[in-house]
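K.L.:
Just dropping this structure here.
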Amino acid sequence: MKNHTDVLIFQLRVCAEASQILLIAEQNLKFCSRPQRKTLRNGGKMTNEELILEAKKARKHAYTPYSHFQVGAALVTKSGKIYHGCNIENAAYTPTNCAERTAFFRAVYEGEREFTKIAVVGGPEGSDADELCAPCGVCRQVMMEFCDPETFQIILADGRGRCLQRTLKEMLPFGFGPENLESH
Ligand SMILES: [Zn+2]
């Protein structure tokens with residue numbers, strides 16, 4: 001290891017939940033130590049760092065008696081509201097719901113249909129989330145239903161101050177969404 005950057009790249013390993021995005025991320029790892037202040041379109045103000053803290057809070061609610069892998073998400077609506085989500089497992093396994101979809105479904109139930117960004121933090125129970133954790137394919141597809149893939153931002157963060165920000169289109173290239181059905 002030549003320097004600190006090499007160490008960090010080495011530490012950025014494949015996330016158990018979705019490996020491919022982390023592989024393309026190695027060249028673009030960046031720190032969130034300086035707040036990225038963004039004003040949401042309709043007045044809400046929250047930095048990425050603040051949103052990541054909300055995702056960490058949500059992670060504490062995870063129900064994971066089987067995998068013991070806990071994930072939290074914080075979703076921002078265009079109107080500036082924040083919806084939290086955690087993963088919720090099930091003894092039958094397949095009914096398990098991811099943190100990202102929990103946040104989306106809560107928001108949609110309350111009438112929200114437009115979103116700007118989501119922060120996701122995940123890792124083994126009892127850990128401080130040592131690795132970045134990317135949304136699974138199912139969650140990316142749910143995002144595709146409600147979000148503009150060109151502008152919706154997905155922010156991955158770990159417990160060591162590292163984060164990665166990508167658009168939905170970058171996370172789900174050639175995605176299939178509502179627009180694909182409009183001409184039929
Ligand atoms: Zn998922």
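Every chain in the structure tokens takes a letter, A first, then B, and so on in the order presented; its residues are numbered from 1, and the ligands are numbered from 1 following the presented order.
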Around ligand 1, which protein and nucleic acid residues have at least one atom no more than 8 Å from it, if we count only C-alpha atoms and all ligand atoms? List them as an MDAnalysis selection string.
P.N.:
chainID A and resid 17 97:101 135:140
K.L.:
Given the choices A:Ala91, A:Val76, A:Val108, A:Ile118, which gets closest to Thr64 of chain A if the distance is worked out from only C-alpha atoms?
P.N.:
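Using only C-alpha atoms, Thr64 of chain A sits closest to A:Ala91.
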K.L.:
Using only C-alpha atoms, find the one residue out of A:Ala58, A:Leu172, A:Leu181, A:Ala129 that sits nearest to Leu156 of chain A.
P.N.:
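Going through A:Ala58, A:Leu172, A:Leu181, A:Ala129 one by one, the smallest distance to Leu156 of chain A is for A:Ala129.
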K.L.:
Could you tell me how far atom CA of Gln153 of chain A sits from atom CA of Asp130 of chain A, in Å to one decimal place?
P.N.:
21.6 Å
